[in-house]
Every structure is written in C-alpha cells, then in structure tokens.
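Asker: See my_file36.pdb below, with PDB, C-alpha atoms.
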ATOM      1  CA  MET A   1      16.073  22.307  -1.321
ATOM      2  CA  ARG A   2      15.939  26.049  -2.112
ATOM      3  CA  GLY A   3      18.995  26.573   0.079
ATOM      4  CA  ARG A   4      20.922  23.847  -1.749
ATOM      5  CA  LEU A   5      19.947  25.406  -5.084
ATOM      6  CA  VAL A   6      21.364  28.803  -4.095
ATOM      7  CA  ALA A   7      24.477  27.229  -2.531
ATOM      8  CA  SER A   8      25.036  25.217  -5.698
ATOM      9  CA  ALA A   9      24.981  28.421  -7.740
ATOM     10  CA  PHE A  10      27.456  30.117  -5.404
ATOM     11  CA  PHE A  11      29.817  27.152  -5.466
ATOM     12  CA  LYS A  12      29.500  26.399  -9.158
ATOM     13  CA  LEU A  13      33.021  25.930 -10.488
ATOM     14  CA  ARG A  14      32.645  28.610 -13.157
ATOM     15  CA  ASN A  15      31.446  31.161 -10.609
ATOM     16  CA  LEU A  16      34.236  30.328  -8.178
ATOM     17  CA  GLY A  17      36.715  30.840 -11.018
ATOM     18  CA  ILE A  18      35.150  34.213 -11.767
ATOM     19  CA  LEU A  19      35.365  35.135  -8.066
ATOM     20  CA  ALA A  20      39.055  34.192  -7.955
ATOM     21  CA  THR A  21      39.748  36.170 -11.143
ATOM     22  CA  ALA A  22      37.800  39.152  -9.821
ATOM     23  CA  MET A  23      39.741  39.125  -6.550
ATOM     24  CA  VAL A  24      43.073  38.970  -8.403
ATOM     25  CA  LEU A  25      41.962  41.835 -10.608
ATOM     26  CA  ALA A  26      40.783  43.776  -7.543
ATOM     27  CA  ALA A  27      44.181  43.273  -5.925
ATOM     28  CA  LEU A  28      45.913  44.578  -9.050
ATOM     29  CA  LEU A  29      43.631  47.600  -9.325
ATOM     30  CA  SER A  30      44.137  48.514  -5.679
ATOM     31  CA  ASP A  31      47.936  48.204  -5.838
ATOM     32  CA  PRO A  32      49.518  51.501  -7.007
ATOM     33  CA  ASN A  33      52.641  49.705  -8.189
ATOM     34  CA  ALA A  34      51.118  46.677  -9.926
ATOM     35  CA  LEU A  35      49.798  48.191 -13.153
ATOM     36  CA  PRO A  36      52.715  50.624 -13.693
ATOM     37  CA  ASN A  37      55.141  47.737 -13.333
ATOM     38  CA  MET A  38      53.152  45.618 -15.771
ATOM     39  CA  LEU A  39      52.038  48.222 -18.318
ATOM     40  CA  GLY A  40      54.270  51.240 -17.714
ATOM     41  CA  TYR A  41      51.377  53.348 -16.524
ATOM     42  CA  GLY A  42      48.448  52.888 -14.200
ATOM     43  CA  PHE A  43      46.248  54.014 -11.398
ATOM     44  CA  ALA A  44      45.025  52.553  -8.106
ATOM     45  CA  LEU A  45      41.536  52.118  -6.716
ATOM     46  CA  PRO A  46      40.718  52.099  -3.019
ATOM     47  CA  ASP A  47      40.741  48.549  -1.625
ATOM     48  CA  ALA A  48      37.054  48.659  -0.681
ATOM     49  CA  VAL A  49      36.042  49.796  -4.176
ATOM     50  CA  ALA A  50      38.152  47.167  -5.901
ATOM     51  CA  VAL A  51      36.938  44.314  -3.698
ATOM     52  CA  SER A  52      33.317  45.482  -3.898
ATOM     53  CA  GLY A  53      33.543  45.583  -7.675
ATOM     54  CA  GLY A  54      34.870  42.017  -7.714
ATOM     55  CA  LEU A  55      32.080  40.814  -5.440
ATOM     56  CA  VAL A  56      29.441  42.566  -7.552
ATOM     57  CA  MET A  57      30.776  40.784 -10.622
ATOM     58  CA  TYR A  58      30.684  37.434  -8.771
ATOM     59  CA  VAL A  59      27.106  37.977  -7.523
ATOM     60  CA  ALA A  60      26.023  39.010 -11.024
ATOM     61  CA  PHE A  61      27.254  35.711 -12.439
ATOM     62  CA  VAL A  62      25.601  33.809  -9.569
ATOM     63  CA  LEU A  63      22.281  35.511 -10.381
ATOM     64  CA  GLN A  64      22.786  34.664 -14.030
ATOM     65  CA  THR A  65      23.320  31.037 -13.062
ATOM     66  CA  LEU A  66      20.159  31.002 -10.939
ATOM     67  CA  SER A  67      18.139  32.259 -13.906
ATOM     68  CA  SER A  68      19.536  29.589 -16.226
ATOM     69  CA  LYS A  69      17.131  26.835 -17.275
ATOM     70  CA  GLN A  70      20.044  24.492 -17.934
ATOM     71  CA  PHE A  71      21.392  25.054 -14.406
ATOM     72  CA  HIS A  72      17.978  24.216 -12.898
ATOM     73  CA  GLU A  73      17.756  21.048 -14.981
ATOM     74  CA  GLU A  74      21.242  19.951 -13.911
ATOM     75  CA  PHE A  75      20.485  20.753 -10.280
ATOM     76  CA  ASN A  76      17.192  18.838 -10.324
ATOM     77  CA  ARG A  77      18.910  15.855 -11.926
ATOM     78  CA  LYS A  78      21.595  15.884  -9.223
ATOM     79  CA  GLU A  79      18.947  16.197  -6.504
ATOM     80  CA  LYS A  80      17.072  13.224  -7.919
ATOM     81  CA  MET A  81      20.305  11.212  -7.965
ATOM     82  CA  ARG A  82      20.983  12.219  -4.357
ATOM     83  CA  THR A  83      17.454  11.167  -3.346
ATOM     84  CA  ILE A  84      17.786   7.809  -5.104
ATOM     85  CA  ARG A  85      21.179   7.130  -3.511
ATOM     86  CA  GLU A  86      19.720   7.924  -0.082
ATOM     87  CA  LEU A  87      16.764   5.594  -0.711
ATOM     88  CA  ASN A  88      19.225   2.874  -1.659
ATOM     89  CA  ARG A  89      21.183   3.381   1.567
ATOM     90  CA  GLN A  90      17.941   3.419   3.584
ATOM     91  CA  ALA A  91      16.880   0.119   2.018
ATOM     92  CA  ASN A  92      20.220  -1.430   2.972
ATOM     93  CA  ARG A  93      19.809  -0.275   6.575
ATOM     94  CA  LEU A  94      16.241  -1.594   6.769
ATOM     95  CA  SER A  95      17.357  -4.900   5.280
ATOM     96  CA  SER A  96      19.934  -5.367   8.034
ATOM     97  CA  GLU A  97      17.259  -4.711  10.659
ATOM     98  CA  ALA A  98      14.705  -7.034   9.048
ATOM     99  CA  ARG A  99      17.215  -9.886   8.768
ATOM    100  CA  ARG A 100      17.331 -10.109  12.558
ATOM    101  CA  ASN A 101      13.589 -10.838  12.748
ATOM    102  CA  THR A 102      12.888 -13.023   9.717
ATOM    103  CA  ASN A 103      12.716 -16.792   9.650
ATOM    104  CA  ASN A 104      14.475 -18.762   6.927
ATOM    105  CA  THR A 105      11.515 -18.634   4.511
ATOM    106  CA  TYR A 106      11.184 -14.855   4.631
ATOM    107  CA  LEU A 107      14.941 -14.397   4.719
ATOM    108  CA  GLN A 108      15.152 -15.973   1.267
ATOM    109  CA  LYS A 109      12.370 -13.682   0.048
ATOM    110  CA  LEU A 110      14.164 -10.665   1.514
ATOM    111  CA  LYS A 111      17.415 -11.639  -0.220
ATOM    112  CA  LYS A 112      15.627 -11.906  -3.582
ATOM    113  CA  VAL A 113      14.028  -8.466  -3.175
ATOM    114  CA  MET A 114      17.410  -6.959  -2.260
ATOM    115  CA  GLU A 115      19.016  -8.568  -5.308
ATOM    116  CA  ASP A 116      16.318  -7.009  -7.474
ATOM    117  CA  LYS A 117      16.818  -3.687  -5.700
ATOM    118  CA  ASN A 118      20.566  -3.792  -6.365
ATOM    119  CA  ASP A 119      19.975  -4.588 -10.046
ATOM    120  CA  ILE A 120      17.566  -1.640 -10.297
ATOM    121  CA  PHE A 121      19.988   0.761  -8.597
ATOM    122  CA  ASN A 122      22.959  -0.412 -10.672
ATOM    123  CA  SER A 123      20.946  -0.088 -13.874
ATOM    124  CA  TYR A 124      20.046   3.468 -12.920
ATOM    125  CA  SER A 125      23.607   4.361 -11.884
ATOM    126  CA  THR A 126      25.223   3.093 -15.086
ATOM    127  CA  GLY A 127      22.453   3.554 -17.669
ATOM    128  CA  GLU A 128      20.928   6.489 -19.468
ATOM    129  CA  HIS A 129      18.701   8.812 -17.467
ATOM    130  CA  SER A 130      15.292  10.224 -18.266
ATOM    131  CA  TYR A 131      12.761  12.021 -16.100
ATOM    132  CA  LEU A 132      10.295   9.132 -16.254
ATOM    133  CA  LYS A 133      12.939   6.507 -15.507
ATOM    134  CA  GLU A 134      14.168   8.498 -12.506
ATOM    135  CA  ARG A 135      10.621   8.753 -11.129
ATOM    136  CA  ILE A 136       9.998   5.033 -11.614
ATOM    137  CA  VAL A 137      13.323   4.036 -10.033
ATOM    138  CA  GLU A 138      12.612   6.359  -7.091
ATOM    139  CA  GLN A 139       9.142   4.902  -6.572
ATOM    140  CA  THR A 140      10.417   1.343  -6.934
ATOM    141  CA  LEU A 141      12.973   2.019  -4.198
ATOM    142  CA  ASN A 142      10.178   3.536  -2.102
ATOM    143  CA  LEU A 143       8.289   0.281  -2.619
ATOM    144  CA  VAL A 144      11.332  -1.728  -1.474
ATOM    145  CA  THR A 145      11.678   0.342   1.719
ATOM    146  CA  ALA A 146       7.924   0.014   2.385
ATOM    147  CA  TYR A 147       8.245  -3.749   1.846
ATOM    148  CA  LEU A 148      11.153  -4.036   4.283
ATOM    149  CA  LYS A 149       9.350  -2.064   7.001
ATOM    150  CA  LEU A 150       6.204  -4.141   6.568
ATOM    151  CA  LEU A 151       8.173  -7.403   6.482
ATOM    152  CA  ASN A 152       9.990  -6.522   9.689
ATOM    153  CA  ASN A 153       6.804  -5.722  11.642
ATOM    154  CA  PHE A 154       5.035  -8.716  10.099
ATOM    155  CA  CYS A 155       7.747 -11.125  11.272
ATOM    156  CA  ILE A 156       7.849  -9.619  14.766
ATOM    157  CA  ARG A 157       4.070  -9.882  15.162
ATOM    158  CA  SER A 158       3.982 -13.407  13.730
ATOM    159  CA  ARG A 159       6.575 -14.506  16.266
ATOM    160  CA  GLU A 160       4.604 -12.900  19.098
ATOM    161  CA  LEU A 161       1.360 -14.624  18.083
ATOM    162  CA  ASN A 162       3.054 -17.986  17.671
ATOM    163  CA  ALA A 163       4.416 -17.666  21.198
ATOM    164  CA  VAL A 164       0.877 -17.544  22.634
ATOM    165  CA  ASP A 165      -0.421 -21.006  23.589
ATOM    166  CA  VAL A 166      -3.986 -20.892  22.285
ATOM    167  CA  SER A 167      -4.622 -24.500  23.270
ATOM    168  CA  SER A 168      -4.095 -23.658  26.934
ATOM    169  CA  VAL A 169      -6.593 -20.785  26.654
ATOM    170  CA  ALA A 170      -9.114 -23.083  24.969
ATOM    171  CA  ALA A 171      -8.574 -25.693  27.682
ATOM    172  CA  ARG A 172      -9.178 -23.038  30.342
ATOM    173  CA  ILE A 173     -12.442 -22.069  28.654
ATOM    174  CA  ASN A 174     -13.597 -25.715  28.599
ATOM    175  CA  ASN A 175     -12.635 -26.174  32.236
ATOM    176  CA  ASN A 176     -14.490 -23.029  33.294
ATOM    177  CA  ASN A 177     -17.559 -24.080  31.307
ATOM    178  CA  ARG A 178     -17.587 -27.322  33.291
ATOM    179  CA  LYS A 179     -17.360 -25.312  36.509
ATOM    180  CA  LEU A 180     -20.430 -23.335  35.469
ATOM    181  CA  SER A 181     -22.486 -26.503  35.105
ATOM    182  CA  PHE A 182     -21.809 -27.426  38.749
ATOM    183  CA  SER A 183     -21.711 -23.964  40.286
ATOM    184  CA  ARG A 184     -24.440 -22.962  42.746
ATOM    185  CA  ASP A 185     -22.784 -19.742  43.889
ATOM    186  CA  ALA A 186     -24.126 -16.754  41.912
ATOM    187  CA  ARG A 187     -21.077 -14.553  42.579
ATOM    188  CA  MET A 188     -18.628 -17.269  41.569
ATOM    189  CA  THR A 189     -20.710 -18.041  38.474
ATOM    190  CA  GLU A 190     -20.533 -14.405  37.393
ATOM    191  CA  ASP A 191     -16.744 -14.283  37.910
ATOM    192  CA  VAL A 192     -16.239 -17.476  35.912
ATOM    193  CA  ARG A 193     -18.384 -16.140  33.083
ATOM    194  CA  LYS A 194     -16.262 -12.985  32.963
ATOM    195  CA  ILE A 195     -13.101 -15.097  32.739
ATOM    196  CA  ILE A 196     -14.612 -17.157  29.917
ATOM    197  CA  GLU A 197     -15.652 -13.996  28.095
ATOM    198  CA  MET A 198     -12.144 -12.506  28.331
ATOM    199  CA  ASP A 199     -10.543 -15.746  27.113
ATOM    200  CA  GLU A 200     -12.972 -15.980  24.201
ATOM    201  CA  LYS A 201     -12.202 -12.373  23.250
ATOM    202  CA  LEU A 202      -8.496 -13.197  23.360
ATOM    203  CA  ILE A 203      -8.924 -16.186  21.055
ATOM    204  CA  ASN A 204     -11.150 -14.244  18.663
ATOM    205  CA  ARG A 205      -8.698 -11.344  18.587
ATOM    206  CA  MET A 206      -5.848 -13.706  17.830
ATOM    207  CA  LYS A 207      -7.869 -15.385  15.059
ATOM    208  CA  ASP A 208      -8.576 -11.979  13.541
ATOM    209  CA  GLU A 209      -4.931 -10.968  13.755
ATOM    210  CA  LYS A 210      -3.796 -14.224  12.163
ATOM    211  CA  LYS A 211      -6.224 -13.667   9.298
ATOM    212  CA  GLU A 212      -4.855 -10.161   8.909
ATOM    213  CA  LEU A 213      -1.303 -11.511   8.901
ATOM    214  CA  GLU A 214      -2.315 -13.924   6.146
ATOM    215  CA  ARG A 215      -3.530 -10.966   4.107
ATOM    216  CA  ILE A 216      -0.285  -9.119   4.805
ATOM    217  CA  SER A 217       1.690 -12.197   3.748
ATOM    218  CA  ALA A 218      -0.193 -12.168   0.438
ATOM    219  CA  LYS A 219       0.546  -8.435   0.113
ATOM    220  CA  LEU A 220       4.251  -9.101   0.700
ATOM    221  CA  ASP A 221       4.195 -11.716  -2.066
ATOM    222  CA  TYR A 222       2.548  -9.184  -4.374
ATOM    223  CA  MET A 223       5.161  -6.554  -3.530
ATOM    224  CA  GLU A 224       7.977  -9.027  -4.196
ATOM    225  CA  SER A 225       6.527  -9.811  -7.624
ATOM    226  CA  THR A 226       6.004  -6.116  -8.357
ATOM    227  CA  VAL A 227       9.623  -5.225  -7.570
ATOM    228  CA  ASN A 228      10.843  -8.083  -9.743
ATOM    229  CA  MET A 229       8.542  -7.096 -12.626
ATOM    230  CA  PHE A 230       9.610  -3.463 -12.514
ATOM    231  CA  LYS A 231      13.248  -4.491 -12.345
ATOM    232  CA  HIS A 232      12.916  -6.214 -15.723
ATOM    233  CA  GLN A 233      11.012  -3.269 -17.173
ATOM    234  CA  ILE A 234      13.542  -0.719 -15.909
ATOM    235  CA  MET A 235      16.501  -2.739 -17.175
ATOM    236  CA  SER A 236      14.742  -3.148 -20.532
ATOM    237  CA  SER A 237      13.919   0.585 -20.669
ATOM    238  CA  ILE A 238      10.188  -0.138 -20.788
ATOM    239  CA  GLU A 239       8.701   2.753 -18.827
ATOM    240  CA  ASN A 240       5.296   4.446 -18.868
ATOM    241  CA  GLU A 241       3.135   6.620 -16.647
ATOM    242  CA  ASP A 242       0.900   3.695 -15.644
ATOM    243  CA  MET A 243       3.869   2.142 -13.859
ATOM    244  CA  LEU A 244       4.109   5.183 -11.590
ATOM    245  CA  GLU A 245       0.465   4.951 -10.599
ATOM    246  CA  GLN A 246       0.757   1.237  -9.853
ATOM    247  CA  LEU A 247       3.868   1.813  -7.737
ATOM    248  CA  GLU A 248       2.337   4.686  -5.775
ATOM    249  CA  THR A 249      -0.745   2.585  -4.993
ATOM    250  CA  ALA A 250       1.388  -0.337  -3.805
ATOM    251  CA  VAL A 251       3.525   1.949  -1.614
ATOM    252  CA  ASN A 252       0.482   3.606  -0.032
ATOM    253  CA  GLU A 253      -1.158   0.244   0.733
ATOM    254  CA  ALA A 254       2.036  -1.138   2.279
ATOM    255  CA  GLU A 255       2.550   1.959   4.422
ATOM    256  CA  ALA A 256      -1.044   1.772   5.671
ATOM    257  CA  LEU A 257      -0.638  -1.889   6.698
ATOM    258  CA  ASP A 258       2.695  -1.148   8.351
ATOM    259  CA  THR A 259       1.166   1.729  10.317
ATOM    260  CA  VAL A 260      -1.477  -0.645  11.726
ATOM    261  CA  LEU A 261       1.156  -3.167  12.837
ATOM    262  CA  GLU A 262       3.421  -0.460  14.240
ATOM    263  CA  ASP A 263       0.579   1.127  16.223
ATOM    264  CA  ARG A 264      -0.317  -2.249  17.731
ATOM    265  CA  ARG A 265       3.290  -2.834  18.745
ATOM    266  CA  LYS A 266       3.479   0.582  20.424
ATOM    267  CA  SER A 267       0.150  -0.029  22.160
ATOM    268  CA  ARG A 268       1.407  -3.326  23.612
ATOM    269  CA  ILE A 269       4.627  -1.683  24.785
ATOM    270  CA  ARG A 270       2.680   1.069  26.608
ATOM    271  CA  HIS A 271       0.566  -1.533  28.356
TER
END
Please rewrite the model in this file as structure tokens.
Answerer:
Amino acid sequence: MRGRLVASAFFKLRNLGILATAMVLAALLSDPNALPNMLGYGFALPDAVAVSGGLVMYVAFVLQTLSSKQFHEEFNRKEKMRTIRELNRQANRLSSEARRNTNNTYLQKLKKVMEDKNDIFNSYSTGEHSYLKERIVEQTLNLVTAYLKLLNNFCIRSRELNAVDVSSVAARINNNNRKLSFSRDARMTEDVRKIIEMDEKLINRMKDEKKELERISAKLDYMESTVNMFKHQIMSSIENEDMLEQLETAVNEAEALDTVLEDRRKSRIRH
C-alpha cells in the first residue's frame, strides 16, 4: 500500500503537468537560441543543469503532495473503493464455484444472498460515502464471501455423507453380533469384535458430523438473515459501530467453521 501511495503522488495529474512544464522550461533554458528569439535577449544553461532543475521542482511538488492531508484522505478513499470492488469480484467468483455444488434448496438461498450483495454494492457505488459506511459495506462483503466459502464446503460434505449407506453398516454390525453369539474361536471372535468396533466408530463419527452440519446449516441461515438485514440498513443509511462488531463476529465464526470443513476435506484427500 505504501508503494501505491508514493506512485499515486508521482502520477498525480497536477504533478505530471508540473513535470511536463518543467521539462519544457528546461529545454528553453538550455537552448541558446530559444530565449533570444522569444524575448530578444537570453542565456543558456547546460542541459544537465536545466533538466536537474526541472526534476527537483517535480520532486518538490511530489513531496508536497505526500505531506498533504487531503491527498492522504483521497488516496485512502480510493483504496477502500478498490478493496470493496475486489471483494465484490471475489464474491462473484465464489458464487460461480458454489453453484456447481449446491442443491436446489441452497441454490435459491445463494441467489437471494447474491441479490442482497448486489444491492449493497450498487448502493455503495452510487450513494454518498462515509468512513463508517465504507467499513460496514466492506465487512458485509467479507461476510458474503465467508458465507459462500462455508456454503460450498457444507454442500460438498453433505453430499459425501449422504452417499454413505449407513444402513448397510448397521446391518453388518448386527450380522457380526450374531456371529459372536455362535463363535467358539477366540481369534475369530477378537477379529469380529474389532470389525464391529470400527463400524460403530464410523456410524458415531457420521452422526457427529451430521449434527455439526445441522449447526452449520443454522449458521448459514443466520448469515443469510444478517446480510439481508444489513442491506436494508445500508440502503437506509442506518449505520453504527455496533454493526461492525456484529459483522466481524459473524465473519470470524464462519471462517472458523469453514476451516474445520476444509481441513477434513484435505485430510480425506491425503488418505
């Protein structure tokens, strides 16, 4: 960001105009014929001196720009706009990815969140700006991107769990329990017990994951409502500091849940 600040000062239109003027003036001062022809008298400076003087003038105005409070405010406002535009583009990319993994129910939810997101972004782009509004819009877009990431991993994991036939595992447990009641071979009995134990762990793990997915589903519903609520507040210019805290908490919670799902996906891929 520091580099962009300095570059912005160097390429500020006023400073570029001063540089162009300084270079023209340097060319005139270094040309022994230019000033006499224009004024009837004159002198000439060495090229290096004339050009150096022009550059010193340009750098002086650049330094003046960098020390200007108004320039810093304008730059920060532009940076915030750039950040918000990038968040909007990121949300659109994540939406396209999530659409491939959602079922019809969650697709409708996704569409509603994206409609709210578009209304928020358009309201920001066309409405009046304030520091607080910019922060709230930025955090709301962060919440939308966190929602889309969580939704995508949630739908992928839900599909994976639904593909597992729990009834066949339960039937295998029942069948092996019957084997134990008739078994007289100690080694075989121990092996069967190990199989039963592994199957029971599988079922319990799946039950736990399904409960967790239910909690994530409730969190997704909450995030959808939050985005919609903040959309109406942003469009009505009802902003306060409490909104920022609520948004930051929701984003952090969503990112934590998404990290858990993402880590489990990576763990399954490695194995």
Asker: Rank A:Arg89, A:Arg193, A:Lys112, A:Lys80 by their smallest atom-to-atom distance to Gln139 of chain A, using only C-alpha atoms, and report the top residue only.
Answerer: A:Lys80
Asker: For segment 99-110 of chain A, list every protein, DNA or RNA residue within 12 Å, evaluated using only C-alpha atoms, and leave out those in the same chain fewer than 2 positions away; present the list as a ChimeraX atom specification.
Answerer: /A:91-97,112-117,144-145,147-160,217,220-225,227-228
Asker: To test your reading of the syntax: which residues would the PyMOL selection byres ((chain A and resi 200) around 12) return for the file shown? Reply as a ChimeraX atom specification.
Answerer: /A:166-167,169-174,176-177,193-199,201-207
Asker: With C-alpha atoms retained, export the selected residues as a CSV table (one decimal), in the coordinates of the input.
Answerer:
chain,number,residue,atom,x,y,z
A,166,VAL,CA,-4.0,-20.9,22.3
A,167,SER,CA,-4.6,-24.5,23.3
A,169,VAL,CA,-6.6,-20.8,26.7
A,170,ALA,CA,-9.1,-23.1,25.0
A,171,ALA,CA,-8.6,-25.7,27.7
A,172,ARG,CA,-9.2,-23.0,30.3
A,173,ILE,CA,-12.4,-22.1,28.7
A,174,ASN,CA,-13.6,-25.7,28.6
A,176,ASN,CA,-14.5,-23.0,33.3
A,177,ASN,CA,-17.6,-24.1,31.3
A,193,ARG,CA,-18.4,-16.1,33.1
A,194,LYS,CA,-16.3,-13.0,33.0
A,195,ILE,CA,-13.1,-15.1,32.7
A,196,ILE,CA,-14.6,-17.2,29.9
A,197,GLU,CA,-15.7,-14.0,28.1
A,198,MET,CA,-12.1,-12.5,28.3
A,199,ASP,CA,-10.5,-15.7,27.1
A,201,LYS,CA,-12.2,-12.4,23.2
A,202,LEU,CA,-8.5,-13.2,23.4
A,203,ILE,CA,-8.9,-16.2,21.1
A,204,ASN,CA,-11.2,-14.2,18.7
A,205,ARG,CA,-8.7,-11.3,18.6
A,206,MET,CA,-5.8,-13.7,17.8
A,207,LYS,CA,-7.9,-15.4,15.1
Asker: Starting from 8 Å padding per side, set up an axis-aligned box that covers all listed atoms of segment 108-120 of chain A and hand over centre and edge lengths in Å, one decimal, as JSON.
Answerer:
{"center_x": 16.5, "center_y": -8.8, "center_z": -4.4, "size_x": 24.2, "size_y": 30.3, "size_z": 27.8}
Asker: Can you measure atom CA of Ile216 of chain A to atom CA of Leu143 of chain A for me? One decimal in Å is fine.
Answerer: 14.7 Å
Asker: Point out the residue among A:Glu241, A:Glu255, A:Asp208, A:Glu248 with the least atom-to-atom distance to Leu132 of chain A, counting all atoms listed in the file.
Answerer: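 When distances to Leu132 of chain A are compared using all atoms listed in the file, the smallest one comes from A:Glu241.
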Asker: If I take atom CA of Thr83 of chain A and atom CA of Lys133 of chain A, how far is one from the other in Å, to one decimal?
Answerer: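 If I compute the distance from atom CA of Thr83 of chain A to atom CA of Lys133 of chain A, I get 13.8 Å.
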Asker: Distance cut-off 7 Å, centre (6.1, -2.4, -9.2) in file coordinates, counting only C-alpha atoms: which residues qualify? Return them as a PyMOL selection string.
Answerer: chain A and resi 140+226-227+229-230+243+246-247
Asker: Kindly indicate which residue among A:Ser237, A:Thr249, A:Thr189, A:Ser130 lies nearest to Asn76 of chain A, using all atoms listed in the file for the distances.
Answerer: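 Using all atoms listed in the file, Asn76 of chain A sits closest to A:Ser130.
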Asker: Between atom CA of Leu161 of chain A and atom CA of Asn142 of chain A, what is the spacing in Å?
Answerer: 28.5 Å
Asker: Using all atoms listed in the file, which residue out of A:Asp258, A:Asp263, A:Glu128, A:Glu134 lies closest to Ile84 of chain A?
Answerer: A:Glu134
Asker: Do you know which residues are at most 8 Å from segment 121-123 of chain A counting all atoms listed in the file, after dropping those on the same chain fewer than 2 positions away, and could you put them as JSON, numbers by chain?
Answerer: {"A": [88, 117, 118, 119, 125, 126, 127, 137, 234, 235]}
